[in-house]
$ cat run-v6.pdb   # PDB, C-alpha atoms
ATOM      1  CA  MET A 730     -30.914   0.223  -2.563
ATOM      2  CA  THR A 731     -30.714  -2.704  -5.036
ATOM      3  CA  ASP A 732     -27.323  -3.817  -3.690
ATOM      4  CA  ARG A 733     -28.657  -3.596  -0.142
ATOM      5  CA  GLU A 734     -31.624  -5.794  -1.025
ATOM      6  CA  LEU A 735     -29.487  -8.359  -2.834
ATOM      7  CA  ASP A 736     -26.881  -8.436  -0.056
ATOM      8  CA  ALA A 737     -29.584  -8.945   2.554
ATOM      9  CA  ALA A 738     -31.057 -11.786   0.499
ATOM     10  CA  GLY A 739     -27.641 -13.465   0.244
ATOM     11  CA  ILE A 740     -27.599 -13.265  -3.558
ATOM     12  CA  THR A 741     -23.936 -13.039  -4.540
ATOM     13  CA  ASP A 742     -23.656 -14.504  -8.056
ATOM     14  CA  PRO A 743     -23.101 -11.553 -10.460
ATOM     15  CA  LEU A 744     -25.387 -12.910 -13.194
ATOM     16  CA  LEU A 745     -28.138 -13.592 -10.687
ATOM     17  CA  ARG A 746     -27.745 -10.149  -9.144
ATOM     18  CA  ASP A 747     -28.090  -8.590 -12.600
ATOM     19  CA  ALA A 748     -31.199 -10.697 -13.242
ATOM     20  CA  TYR A 749     -32.884  -9.578 -10.027
ATOM     21  CA  ALA A 750     -31.937  -5.950 -10.692
ATOM     22  CA  HIS A 751     -33.570  -6.224 -14.124
ATOM     23  CA  CYS A 752     -36.781  -7.542 -12.541
ATOM     24  CA  ARG A 753     -36.740  -4.710 -10.044
ATOM     25  CA  ARG A 754     -36.621  -2.181 -12.876
ATOM     26  CA  LEU A 755     -39.552  -3.867 -14.619
ATOM     27  CA  ASN A 756     -41.599  -3.798 -11.427
ATOM     28  CA  ALA A 757     -40.737  -0.152 -10.722
ATOM     29  CA  ARG A 758     -41.659   0.953 -14.256
ATOM     30  CA  HIS A 759     -44.947  -0.909 -14.618
ATOM     31  CA  GLY A 760     -46.291  -1.471 -11.116
ATOM     32  CA  LYS A 761     -45.976   1.821  -9.266
ATOM     33  CA  THR A 762     -48.591   1.014  -6.612
ATOM     34  CA  TYR A 763     -47.268  -2.403  -5.730
ATOM     35  CA  PHE A 764     -43.639  -1.308  -6.050
ATOM     36  CA  LEU A 765     -44.307   1.365  -3.427
ATOM     37  CA  ALA A 766     -45.855  -1.212  -1.102
ATOM     38  CA  THR A 767     -42.967  -3.638  -1.678
ATOM     39  CA  ARG A 768     -40.585  -1.159  -0.090
ATOM     40  CA  LEU A 769     -42.319  -1.899   3.225
ATOM     41  CA  LEU A 770     -41.215  -5.537   3.138
ATOM     42  CA  PRO A 771     -38.136  -6.774   4.990
ATOM     43  CA  VAL A 772     -35.189  -5.967   2.732
ATOM     44  CA  ALA A 773     -34.194  -9.604   2.221
ATOM     45  CA  ARG A 774     -37.599 -10.534   0.773
ATOM     46  CA  ARG A 775     -37.868  -7.761  -1.774
ATOM     47  CA  PRO A 776     -35.797  -9.376  -4.562
ATOM     48  CA  ALA A 777     -38.151 -12.369  -4.666
ATOM     49  CA  VAL A 778     -41.172 -10.104  -5.043
ATOM     50  CA  HIS A 779     -39.448  -8.183  -7.813
ATOM     51  CA  ALA A 780     -38.692 -11.463  -9.586
ATOM     52  CA  LEU A 781     -42.304 -12.661  -9.393
ATOM     53  CA  TYR A 782     -43.849  -9.390 -10.528
ATOM     54  CA  GLY A 783     -41.071  -8.608 -12.994
ATOM     55  CA  PHE A 784     -41.735 -11.897 -14.765
ATOM     56  CA  ALA A 785     -45.475 -11.219 -14.801
ATOM     57  CA  ARG A 786     -44.926  -7.730 -16.236
ATOM     58  CA  TRP A 787     -42.606  -9.090 -18.910
ATOM     59  CA  ALA A 788     -45.056 -11.763 -20.059
ATOM     60  CA  ASP A 789     -47.912  -9.262 -20.014
ATOM     61  CA  ASP A 790     -45.881  -6.915 -22.220
ATOM     62  CA  LEU A 791     -45.526  -9.656 -24.818
ATOM     63  CA  VAL A 792     -49.315  -9.687 -25.034
ATOM     64  CA  ASP A 793     -50.233  -6.006 -24.699
ATOM     65  CA  GLU A 794     -47.187  -4.142 -26.019
ATOM     66  CA  PRO A 795     -45.887  -6.245 -28.902
ATOM     67  CA  ALA A 796     -42.973  -5.201 -31.037
ATOM     68  CA  ALA A 797     -43.905  -3.149 -34.075
ATOM     69  CA  GLY A 798     -45.351  -5.323 -36.794
ATOM     70  CA  ARG A 799     -45.600  -8.483 -34.690
ATOM     71  CA  THR A 800     -48.723 -10.449 -35.556
ATOM     72  CA  THR A 801     -50.926 -12.430 -33.204
ATOM     73  CA  ALA A 802     -49.164 -15.568 -34.414
ATOM     74  CA  GLY A 803     -45.822 -13.939 -33.662
ATOM     75  CA  ARG A 804     -46.904 -13.020 -30.140
ATOM     76  CA  ALA A 805     -48.197 -16.553 -29.600
ATOM     77  CA  ALA A 806     -44.836 -17.943 -30.700
ATOM     78  CA  ALA A 807     -43.042 -15.558 -28.319
ATOM     79  CA  LEU A 808     -45.239 -16.643 -25.428
ATOM     80  CA  ASP A 809     -44.737 -20.314 -26.271
ATOM     81  CA  ALA A 810     -40.977 -19.776 -26.333
ATOM     82  CA  LEU A 811     -41.148 -18.012 -22.978
ATOM     83  CA  ARG A 812     -43.215 -20.833 -21.509
ATOM     84  CA  GLN A 813     -40.658 -23.415 -22.642
ATOM     85  CA  CYS A 814     -37.809 -21.308 -21.324
ATOM     86  CA  LEU A 815     -39.650 -20.970 -18.008
ATOM     87  CA  GLN A 816     -40.280 -24.713 -17.748
ATOM     88  CA  ASP A 817     -36.623 -25.421 -18.442
ATOM     89  CA  GLY A 818     -35.526 -22.830 -15.896
ATOM     90  CA  LEU A 819     -37.844 -24.192 -13.215
ATOM     91  CA  ARG A 820     -36.295 -27.623 -13.789
ATOM     92  CA  GLY A 821     -32.855 -26.137 -13.153
ATOM     93  CA  ALA A 822     -31.612 -25.798 -16.729
ATOM     94  CA  PRO A 823     -29.347 -22.801 -17.436
ATOM     95  CA  THR A 824     -30.948 -19.881 -19.253
ATOM     96  CA  THR A 825     -29.758 -16.665 -20.838
ATOM     97  CA  GLU A 826     -33.043 -14.875 -20.041
ATOM     98  CA  PRO A 827     -32.437 -12.787 -16.895
ATOM     99  CA  VAL A 828     -36.095 -12.657 -15.829
ATOM    100  CA  VAL A 829     -36.439 -16.429 -16.055
ATOM    101  CA  ARG A 830     -33.142 -16.845 -14.185
ATOM    102  CA  ALA A 831     -34.434 -14.709 -11.297
ATOM    103  CA  VAL A 832     -37.910 -16.207 -11.107
ATOM    104  CA  ALA A 833     -36.582 -19.792 -11.264
ATOM    105  CA  HIS A 834     -34.166 -18.986  -8.427
ATOM    106  CA  THR A 835     -37.032 -17.499  -6.381
ATOM    107  CA  ALA A 836     -39.279 -20.510  -7.040
ATOM    108  CA  ALA A 837     -36.560 -22.919  -5.891
ATOM    109  CA  ARG A 838     -35.605 -20.851  -2.859
ATOM    110  CA  TYR A 839     -39.173 -20.523  -1.548
ATOM    111  CA  GLY A 840     -40.611 -23.807  -2.801
ATOM    112  CA  ILE A 841     -43.264 -22.162  -4.989
ATOM    113  CA  ASP A 842     -45.513 -24.608  -6.838
ATOM    114  CA  HIS A 843     -44.524 -24.643 -10.520
ATOM    115  CA  ARG A 844     -48.163 -25.027 -11.557
ATOM    116  CA  HIS A 845     -48.816 -21.417 -10.580
ATOM    117  CA  PHE A 846     -46.385 -20.196 -13.232
ATOM    118  CA  LEU A 847     -47.774 -22.469 -15.925
ATOM    119  CA  ASP A 848     -51.355 -21.443 -15.099
ATOM    120  CA  PHE A 849     -50.257 -17.841 -15.435
ATOM    121  CA  MET A 850     -48.774 -18.476 -18.864
ATOM    122  CA  ALA A 851     -51.992 -20.186 -19.986
ATOM    123  CA  SER A 852     -54.018 -17.096 -19.116
ATOM    124  CA  MET A 853     -51.560 -14.843 -20.910
ATOM    125  CA  ARG A 854     -51.863 -17.047 -24.004
ATOM    126  CA  SER A 855     -55.669 -16.815 -23.884
ATOM    127  CA  ASP A 856     -55.479 -13.020 -24.086
ATOM    128  CA  LEU A 857     -54.382 -13.403 -27.696
ATOM    129  CA  THR A 858     -57.668 -14.971 -28.765
ATOM    130  CA  VAL A 859     -60.307 -14.418 -26.066
ATOM    131  CA  THR A 860     -61.903 -10.977 -26.241
ATOM    132  CA  ASP A 861     -64.763 -11.207 -23.730
ATOM    133  CA  TYR A 862     -66.254 -13.360 -20.982
ATOM    134  CA  PRO A 863     -69.931 -14.384 -20.988
ATOM    135  CA  THR A 864     -70.200 -14.805 -17.205
ATOM    136  CA  TYR A 865     -68.311 -13.998 -14.022
ATOM    137  CA  ALA A 866     -67.553 -17.715 -13.656
ATOM    138  CA  ASP A 867     -65.847 -17.627 -17.064
ATOM    139  CA  LEU A 868     -63.851 -14.586 -16.008
ATOM    140  CA  CYS A 869     -62.841 -16.270 -12.756
ATOM    141  CA  ARG A 870     -61.344 -19.175 -14.669
ATOM    142  CA  TYR A 871     -59.176 -16.693 -16.535
ATOM    143  CA  MET A 872     -58.314 -14.747 -13.368
ATOM    144  CA  HIS A 873     -57.161 -17.894 -11.583
ATOM    145  CA  GLY A 874     -54.136 -17.911 -13.861
ATOM    146  CA  SER A 875     -53.743 -14.182 -14.378
ATOM    147  CA  ALA A 876     -54.267 -12.979 -10.789
ATOM    148  CA  ALA A 877     -55.076 -15.578  -8.124
ATOM    149  CA  VAL A 878     -51.817 -17.433  -8.726
ATOM    150  CA  MET A 879     -49.885 -14.225  -8.052
ATOM    151  CA  GLY A 880     -51.250 -14.198  -4.521
ATOM    152  CA  LEU A 881     -50.442 -17.888  -4.157
ATOM    153  CA  GLN A 882     -46.877 -17.367  -5.410
ATOM    154  CA  MET A 883     -46.388 -14.598  -2.872
ATOM    155  CA  LEU A 884     -47.454 -16.566   0.203
ATOM    156  CA  PRO A 885     -44.193 -18.512   0.697
ATOM    157  CA  VAL A 886     -42.221 -15.272   0.313
ATOM    158  CA  LEU A 887     -44.363 -13.308   2.760
ATOM    159  CA  GLY A 888     -44.699 -16.083   5.325
ATOM    160  CA  THR A 889     -47.794 -16.955   7.328
ATOM    161  CA  VAL A 890     -48.649 -17.555  10.977
ATOM    162  CA  VAL A 891     -50.971 -20.399   9.995
ATOM    163  CA  PRO A 892     -50.541 -23.281   7.539
ATOM    164  CA  GLN A 893     -50.287 -21.832   4.037
ATOM    165  CA  GLU A 894     -53.355 -23.711   2.832
ATOM    166  CA  GLU A 895     -55.442 -21.763   5.352
ATOM    167  CA  ALA A 896     -54.222 -18.418   4.024
ATOM    168  CA  ALA A 897     -54.303 -19.434   0.356
ATOM    169  CA  PRO A 898     -57.988 -18.634  -0.416
ATOM    170  CA  HIS A 899     -57.574 -15.104   0.938
ATOM    171  CA  ALA A 900     -54.332 -14.596  -0.999
ATOM    172  CA  ALA A 901     -56.036 -15.747  -4.197
ATOM    173  CA  SER A 902     -58.972 -13.409  -3.536
ATOM    174  CA  LEU A 903     -56.638 -10.472  -3.035
ATOM    175  CA  GLY A 904     -54.978 -11.126  -6.394
ATOM    176  CA  ILE A 905     -58.420 -11.243  -8.018
ATOM    177  CA  ALA A 906     -59.535  -8.050  -6.247
ATOM    178  CA  PHE A 907     -56.477  -6.219  -7.544
ATOM    179  CA  GLN A 908     -57.129  -7.406 -11.080
ATOM    180  CA  LEU A 909     -60.840  -6.577 -11.003
ATOM    181  CA  THR A 910     -59.835  -3.094  -9.877
ATOM    182  CA  ASN A 911     -57.518  -2.786 -12.863
ATOM    183  CA  PHE A 912     -60.235  -4.071 -15.192
ATOM    184  CA  LEU A 913     -62.641  -1.379 -14.002
ATOM    185  CA  ARG A 914     -60.049   1.395 -14.200
ATOM    186  CA  ASP A 915     -58.845   0.292 -17.662
ATOM    187  CA  VAL A 916     -62.169  -0.411 -19.395
ATOM    188  CA  GLY A 917     -61.462   2.114 -22.135
ATOM    189  CA  GLU A 918     -57.876   1.052 -22.772
ATOM    190  CA  ASP A 919     -58.817  -2.629 -22.865
ATOM    191  CA  LEU A 920     -61.662  -1.859 -25.270
ATOM    192  CA  ASP A 921     -59.150  -0.240 -27.620
ATOM    193  CA  ARG A 922     -57.246  -3.546 -27.562
ATOM    194  CA  GLY A 923     -60.451  -5.345 -28.507
ATOM    195  CA  ARG A 924     -61.026  -6.841 -25.064
ATOM    196  CA  ILE A 925     -63.816  -6.523 -22.506
ATOM    197  CA  TYR A 926     -63.043  -8.015 -19.109
ATOM    198  CA  LEU A 927     -66.302  -7.049 -17.411
ATOM    199  CA  PRO A 928     -68.615 -10.092 -17.638
ATOM    200  CA  ALA A 929     -71.171  -9.865 -20.439
ATOM    201  CA  ASP A 930     -74.034 -10.959 -18.183
ATOM    202  CA  LEU A 931     -73.246  -8.160 -15.706
ATOM    203  CA  LEU A 932     -73.231  -5.623 -18.547
ATOM    204  CA  ALA A 933     -76.388  -7.034 -20.131
ATOM    205  CA  ALA A 934     -78.273  -6.756 -16.837
ATOM    206  CA  HIS A 935     -77.974  -2.984 -17.293
ATOM    207  CA  GLY A 936     -78.562  -2.913 -21.039
ATOM    208  CA  VAL A 937     -74.895  -2.594 -21.993
ATOM    209  CA  ASP A 938     -73.021  -4.416 -24.734
ATOM    210  CA  ARG A 939     -69.803  -3.976 -26.723
ATOM    211  CA  HIS A 940     -71.493  -1.735 -29.274
ATOM    212  CA  LEU A 941     -72.686   0.709 -26.607
ATOM    213  CA  LEU A 942     -69.283   0.784 -24.916
ATOM    214  CA  ARG A 943     -67.563   1.441 -28.238
ATOM    215  CA  TRP A 944     -70.025   4.218 -29.092
ATOM    216  CA  SER A 945     -69.499   5.876 -25.717
ATOM    217  CA  ARG A 946     -65.714   5.772 -25.979
ATOM    218  CA  ASP A 947     -65.650   6.973 -29.579
ATOM    219  CA  THR A 948     -68.073   9.844 -29.055
ATOM    220  CA  GLY A 949     -67.127  10.821 -25.505
ATOM    221  CA  THR A 950     -70.806  10.560 -24.585
ATOM    222  CA  ARG A 951     -71.927   9.295 -21.194
ATOM    223  CA  ASP A 952     -74.796   6.845 -20.802
ATOM    224  CA  PRO A 953     -76.598   6.030 -17.518
ATOM    225  CA  ARG A 954     -76.757   2.332 -18.415
ATOM    226  CA  ILE A 955     -72.988   2.189 -18.605
ATOM    227  CA  THR A 956     -72.644   4.026 -15.301
ATOM    228  CA  ALA A 957     -75.005   1.547 -13.637
ATOM    229  CA  ALA A 958     -73.009  -1.399 -15.008
ATOM    230  CA  LEU A 959     -69.725   0.076 -13.817
ATOM    231  CA  MET A 960     -71.212   0.676 -10.362
ATOM    232  CA  ALA A 961     -72.264  -2.979 -10.261
ATOM    233  CA  ALA A 962     -68.714  -4.017 -11.232
ATOM    234  CA  ALA A 963     -67.334  -1.854  -8.416
ATOM    235  CA  ASP A 964     -69.753  -3.463  -5.924
ATOM    236  CA  LEU A 965     -68.612  -6.901  -7.093
ATOM    237  CA  THR A 966     -64.977  -5.892  -6.598
ATOM    238  CA  HIS A 967     -65.612  -4.529  -3.099
ATOM    239  CA  GLY A 968     -67.088  -7.922  -2.240
ATOM    240  CA  VAL A 969     -63.883  -9.675  -3.300
ATOM    241  CA  TYR A 970     -61.845  -7.279  -1.143
ATOM    242  CA  ARG A 971     -64.026  -8.299   1.799
ATOM    243  CA  GLU A 972     -63.223 -11.951   1.073
ATOM    244  CA  ALA A 973     -59.511 -11.155   0.965
ATOM    245  CA  ALA A 974     -59.298  -8.925   4.047
ATOM    246  CA  PRO A 975     -59.148 -11.622   6.772
ATOM    247  CA  GLY A 976     -55.985 -12.970   5.143
ATOM    248  CA  LEU A 977     -53.970  -9.921   6.204
ATOM    249  CA  ALA A 978     -53.866 -11.161   9.781
ATOM    250  CA  LEU A 979     -52.670 -14.595   8.624
ATOM    251  CA  LEU A 980     -49.419 -13.204   7.253
ATOM    252  CA  GLU A 981     -46.229 -12.883   9.243
ATOM    253  CA  PRO A 982     -46.272  -9.536  11.093
ATOM    254  CA  SER A 983     -43.304  -8.184   9.134
ATOM    255  CA  ALA A 984     -45.194  -8.672   5.844
ATOM    256  CA  ARG A 985     -48.491  -7.126   6.921
ATOM    257  CA  PRO A 986     -47.604  -3.423   6.427
ATOM    258  CA  CYS A 987     -46.695  -4.105   2.778
ATOM    259  CA  ILE A 988     -49.829  -6.035   1.888
ATOM    260  CA  ARG A 989     -52.098  -3.771   3.920
ATOM    261  CA  THR A 990     -50.677  -0.765   2.042
ATOM    262  CA  ALA A 991     -51.240  -2.454  -1.332
ATOM    263  CA  PHE A 992     -54.767  -3.380  -0.173
ATOM    264  CA  VAL A 993     -55.613   0.222   0.746
ATOM    265  CA  LEU A 994     -54.004   1.778  -2.334
ATOM    266  CA  TYR A 995     -55.678  -0.568  -4.789
ATOM    267  CA  ARG A 996     -59.054  -0.235  -3.116
ATOM    268  CA  ALA A 997     -58.602   3.543  -3.256
ATOM    269  CA  ILE A 998     -58.670   3.238  -7.061
ATOM    270  CA  LEU A 999     -62.325   2.230  -6.713
ATOM    271  CA  ASP A1000     -62.910   5.432  -4.744
ATOM    272  CA  ALA A1001     -61.189   7.430  -7.483
ATOM    273  CA  VAL A1002     -63.375   5.800 -10.132
ATOM    274  CA  ARG A1003     -66.484   6.619  -8.102
ATOM    275  CA  ASP A1004     -65.392  10.188  -7.390
ATOM    276  CA  ASP A1005     -64.760  10.728 -11.111
ATOM    277  CA  GLY A1006     -68.310   9.688 -11.889
ATOM    278  CA  TYR A1007     -67.403   6.286 -13.395
ATOM    279  CA  ALA A1008     -65.933   8.037 -16.436
ATOM    280  CA  VAL A1009     -63.404   5.251 -17.043
ATOM    281  CA  LEU A1010     -64.349   4.936 -20.708
ATOM    282  CA  HIS A1011     -63.059   8.450 -21.248
ATOM    283  CA  ARG A1012     -60.202   8.946 -18.794
ATOM    284  CA  ARG A1013     -58.193   6.964 -16.268
ATOM    285  CA  ALA A1014     -59.023   7.496 -12.602
ATOM    286  CA  VAL A1015     -55.957   7.993 -10.437
ATOM    287  CA  VAL A1016     -55.278   8.050  -6.710
ATOM    288  CA  SER A1017     -53.793  11.376  -5.681
ATOM    289  CA  ARG A1018     -50.145  11.589  -4.735
ATOM    290  CA  ARG A1019     -51.186  12.962  -1.363
ATOM    291  CA  ARG A1020     -53.275   9.895  -0.622
ATOM    292  CA  ARG A1021     -50.557   7.559  -1.848
ATOM    293  CA  ALA A1022     -48.012   9.321   0.349
ATOM    294  CA  ALA A1023     -50.308   9.244   3.373
ATOM    295  CA  THR A1024     -50.982   5.531   2.915
ATOM    296  CA  ALA A1025     -47.279   4.779   2.533
ATOM    297  CA  ALA A1026     -46.532   6.831   5.644
ATOM    298  CA  GLY A1027     -49.099   4.801   7.546
ATOM    299  CA  GLY A1028     -47.434   1.635   6.336
ATOM    300  CA  LEU A1029     -44.065   2.891   7.532
ATOM    301  CA  ALA A1030     -45.538   3.672  10.948
ATOM    302  CA  ARG A1031     -47.005   0.170  11.227
ATOM    303  CA  LEU A1032     -43.697  -1.298  10.090
ATOM    304  CA  ALA A1033     -41.836   0.654  12.760
ATOM    305  CA  ALA A1034     -44.316  -0.501  15.382
ATOM    306  CA  THR A1035     -43.881  -4.109  14.267
ATOM    307  CA  ARG A1036     -40.114  -3.866  14.552
ATOM    308  CA  LEU A1037     -40.358  -2.165  17.936
ATOM    309  CA  THR A1038     -42.638  -4.901  19.226
ATOM    310  CA  ALA A1039     -40.359  -7.602  17.836
ATOM    311  CA  GLY A1040     -37.384  -6.018  19.604
ATOM    312  CA  ARG A1041     -38.944  -5.907  23.054
ATOM    313  CA  PRO A1042     -37.661  -8.416  25.603
ATOM    314  CA  ALA A1043     -40.091 -11.169  26.442
ATOM    315  CA  ALA A1044     -42.115 -10.692  29.623
ATOM    316  CA  PRO A1045     -41.531 -13.120  32.510
ATOM    317  CA  PRO A1046     -43.705 -16.200  31.999
ATOM    318  CA  ALA A1047     -45.752 -15.551  35.136
ATOM    319  CA  ALA A1048     -46.694 -12.082  33.963
ATOM    320  CA  ALA A1049     -47.225 -12.844  30.291
ATOM    321  CA  PRO A1050     -50.761 -12.092  29.093
ATOM    322  CA  ARG A1051     -52.713 -14.710  27.261
ATOM    323  CA  PRO A1052     -51.988 -14.253  23.513
ATOM    324  CA  ALA A1053     -54.769 -13.237  21.157
ATOM    325  CA  PRO A1054     -55.624 -15.572  18.275
ATOM    326  CA  ALA A1055     -53.493 -14.949  15.191
ATOM    327  CA  HIS A1056     -56.536 -14.161  13.072
ATOM    328  CA  ALA A1057     -57.509 -11.278  15.361
ATOM    329  CA  SER A1058     -54.155  -9.484  15.408
ATOM    330  CA  VAL A1059     -54.746  -7.074  12.511
ATOM    331  CA  PRO A1060     -58.005  -5.221  11.840
ATOM    332  CA  VAL A1061     -59.449  -4.911   8.346
ATOM    333  CA  PRO A1062     -58.160  -1.705   6.701
ATOM    334  CA  GLU A1063     -60.548   1.222   6.624
ATOM    335  CA  GLU A1064     -61.594   2.779   3.331
ATOM    336  CA  THR A1065     -59.626   5.954   3.985
ATOM    337  CA  PRO A1066     -55.980   5.470   5.033
TER     338      PRO A1066
END
$ encode --input "run-v6.pdb" --output "structure tokens"
Amino acid sequence: MTDRELDAAGITDPLLRDAYAHCRRLNARHGKTYFLATRLLPVARRPAVHALYGFARWADDLVDEPAAGRTTAGRAAALDALRQCLQDGLRGAPTTEPVVRAVAHTAARYGIDHRHFLDFMASMRSDLTVTDYPTYADLCRYMHGSAAVMGLQMLPVLGTVVPQEEAAPHAASLGIAFQLTNFLRDVGEDLDRGRIYLPADLLAAHGVDRHLLRWSRDTGTRDPRITAALMAAADLTHGVYREAAPGLALLEPSARPCIRTAFVLYRAILDAVRDDGYAVLHRRAVVSRRRRAATAAGGLARLAATRLTAGRPAAPPAAAPRPAPAHASVPVPEETP
């Protein structure tokens, strides 16, 4: 499948092919939900997505899964070195780092704004020293670099039926919705790393602070104040999904099944958290394989329908119906696939 993707994308240089294959492996290992959705994209566009997400996974690993014995200063130095390597690669300088080679090639091919990559690196760097966020506005400033820019990087690859600047706010919101979902699911794991991504003011409104979260995780004891705070975080996240949803119809038709599938699968994590009683401090909520398979099957059906429609001969001009507006062509996904 990798050779087929690379051939379709016209990537022939052996070193570049190896670099993209490496990114694909990173994406498959770390991002199972989005990797599944990516397989619904046109084959030629998949390598670019693997490059973008492979780079993000690699940088994130430098922060969250450091080599044994590496200090915070050592991780900071590694991130700084990666940032310099990235800047050089984006300028066209040769690099021995395969992930940078692939992402720089993708950025040049699709005209992706270099600022998105540098904003991402700034957020990754902040994870080494920032352990909580007083307000949602503070968190949003972090998520611009860690999540919103991922949606903005993807837009040129996916293609849009409107000017990109019109679709950009929805793409940014979708990246934020995905990350907020991960924050809610991973509250316990992040707490073990010393970080709390849920805004302190949201927690405090329900009588929750770091001490209470730590006590609950350490003792395995539930607390209704924590449940109420997590429910509020889920409501906030659902609101961001609603902001993102209109952007699905602004994408090129061939890209919609992929992003719709990712939308439904990620939002289903919120359902899993709810159905598990908001026990995320004690165990990770997961979407069942059956639901994942059903959602992917629905994406395949929509993809087939898109290709069938694209292959139909055009109707005679006199009989052609008046086209619907682009923004009305895809309905908002339902909660259950």
$ residues_around --input "run-v6.pdb" --residues "region 946-957 of chain A" --least-positions-apart "3" --cutoff "12 Å" --atoms "all atoms listed in the file" --output "MDAnalysis selection string"
chainID A and resid 913 916:921 927 931:943 960:964 1002:1003 1005:1012
$ closest_atom_pairs --input "run-v6.pdb" --of "region 866-893 of chain A" --to "region 761-781 of chain A" --cutoff "8 Å" --atoms "all atoms listed in the file" --output "Markdown table"
| residue | atom | partner | partner_atom | distance |
| --- | --- | --- | --- | --- |
| A:Met879 | CA | A:Leu781 | CA | 7.9 |
| A:Gln882 | CA | A:Leu781 | CA | 7.7 |
| A:Met883 | CA | A:Val778 | CA | 7.2 |
| A:Val886 | CA | A:Arg774 | CA | 6.6 |
| A:Leu887 | CA | A:Arg774 | CA | 7.6 |
$ residues_around --input "run-v6.pdb" --residues "Arg844 (chain A)" --least-positions-apart "6" --cutoff "12 Å" --atoms "all atoms listed in the file" --output "list in words"
Arg812, Leu815, Gln816, Leu819, Ala836, Met850, Ala851, His873, Gly874, Val878, Met879, Leu881 and Gln882 of chain A
$ write_last_selection --input "run-v6.pdb" --atoms "C-alpha atoms" --output "PDB file, in the frame of the given file"
ATOM      1  CA  ARG A 812     -43.215 -20.833 -21.509  1.00  0.00           C
ATOM      2  CA  LEU A 815     -39.650 -20.970 -18.008  1.00  0.00           C
ATOM      3  CA  GLN A 816     -40.280 -24.713 -17.748  1.00  0.00           C
ATOM      4  CA  LEU A 819     -37.844 -24.192 -13.215  1.00  0.00           C
ATOM      5  CA  ALA A 836     -39.279 -20.510  -7.040  1.00  0.00           C
ATOM      6  CA  MET A 850     -48.774 -18.476 -18.864  1.00  0.00           C
ATOM      7  CA  ALA A 851     -51.992 -20.186 -19.986  1.00  0.00           C
ATOM      8  CA  HIS A 873     -57.161 -17.894 -11.583  1.00  0.00           C
ATOM      9  CA  GLY A 874     -54.136 -17.911 -13.861  1.00  0.00           C
ATOM     10  CA  VAL A 878     -51.817 -17.433  -8.726  1.00  0.00           C
ATOM     11  CA  MET A 879     -49.885 -14.225  -8.052  1.00  0.00           C
ATOM     12  CA  LEU A 881     -50.442 -17.888  -4.157  1.00  0.00           C
ATOM     13  CA  GLN A 882     -46.877 -17.367  -5.410  1.00  0.00           C
TER      14      GLN A 882
END
$ closest_residue --input "run-v6.pdb" --among "A:Phe907, A:Tyr749, A:Phe846, A:Tyr926" --to "Thr860 (chain A)" --atoms "all atoms listed in the file"
A:Tyr926
$ atom_distance --input "run-v6.pdb" --atom1 "CA of Leu979 (chain A)" --atom2 "CA of Val890 (chain A)"
5.5 Å
$ atom_distance --input "run-v6.pdb" --atom1 "CA of Arg985 (chain A)" --atom2 "CA of Ala877 (chain A)"
18.5 Å
$ resolve_selection --input "run-v6.pdb" --expression "the PyMOL selection byres ((chain A and resi 891) around 9)" --output "list in words"
Gly888, Thr889, Val890, Pro892, Gln893, Glu894, Glu895, Ala896, Leu979, Leu980, Glu981, Ala1055 and His1056 of chain A
$ residues_around --input "run-v6.pdb" --residues "Glu972 (chain A)" --least-positions-apart "2" --cutoff "9 Å" --atoms "all atoms listed in the file" --output "VMD selection string"
chain A and resid 898 to 899 902 to 903 967 to 970 974 to 976
$ atom_distance --input "run-v6.pdb" --atom1 "CA of Ile841 (chain A)" --atom2 "CA of Glu826 (chain A)"
19.6 Å
$ closest_residue --input "run-v6.pdb" --among "A:His759, A:Arg753, A:Arg914, A:Arg830" --to "Asp1000 (chain A)" --atoms "all atoms listed in the file"
A:Arg914
$ resolve_selection --input "run-v6.pdb" --expression "the PyMOL selection byres ((chain A and resi 828) around 10)" --output "ChimeraX atom specification"
/A:745,747-753,755,779-785,787-788,815,824-827,829-834
$ axis_aligned_box --input "run-v6.pdb" --around "region 736-754 of chain A" --padding-each-side "5 Å" --output "JSON"
{"center_x": -29.9, "center_y": -8.3, "center_z": -5.8, "size_x": 23.7, "size_y": 22.3, "size_z": 26.7}
$ resolve_selection --input "run-v6.pdb" --expression "the PyMOL selection byres ((chain A and resi 865) around 10)" --output "list in words"
Tyr862, Pro863, Thr864, Ala866, Asp867, Leu868, Cys869, Arg870, Tyr871, Tyr926, Leu927, Pro928, Ala929, Asp930, Leu931 and Leu965 of chain A
$ closest_residue --input "run-v6.pdb" --among "A:Met853, A:Leu811, A:Leu884, A:Ala897" --to "Tyr839 (chain A)" --atoms "all atoms listed in the file"
A:Leu884
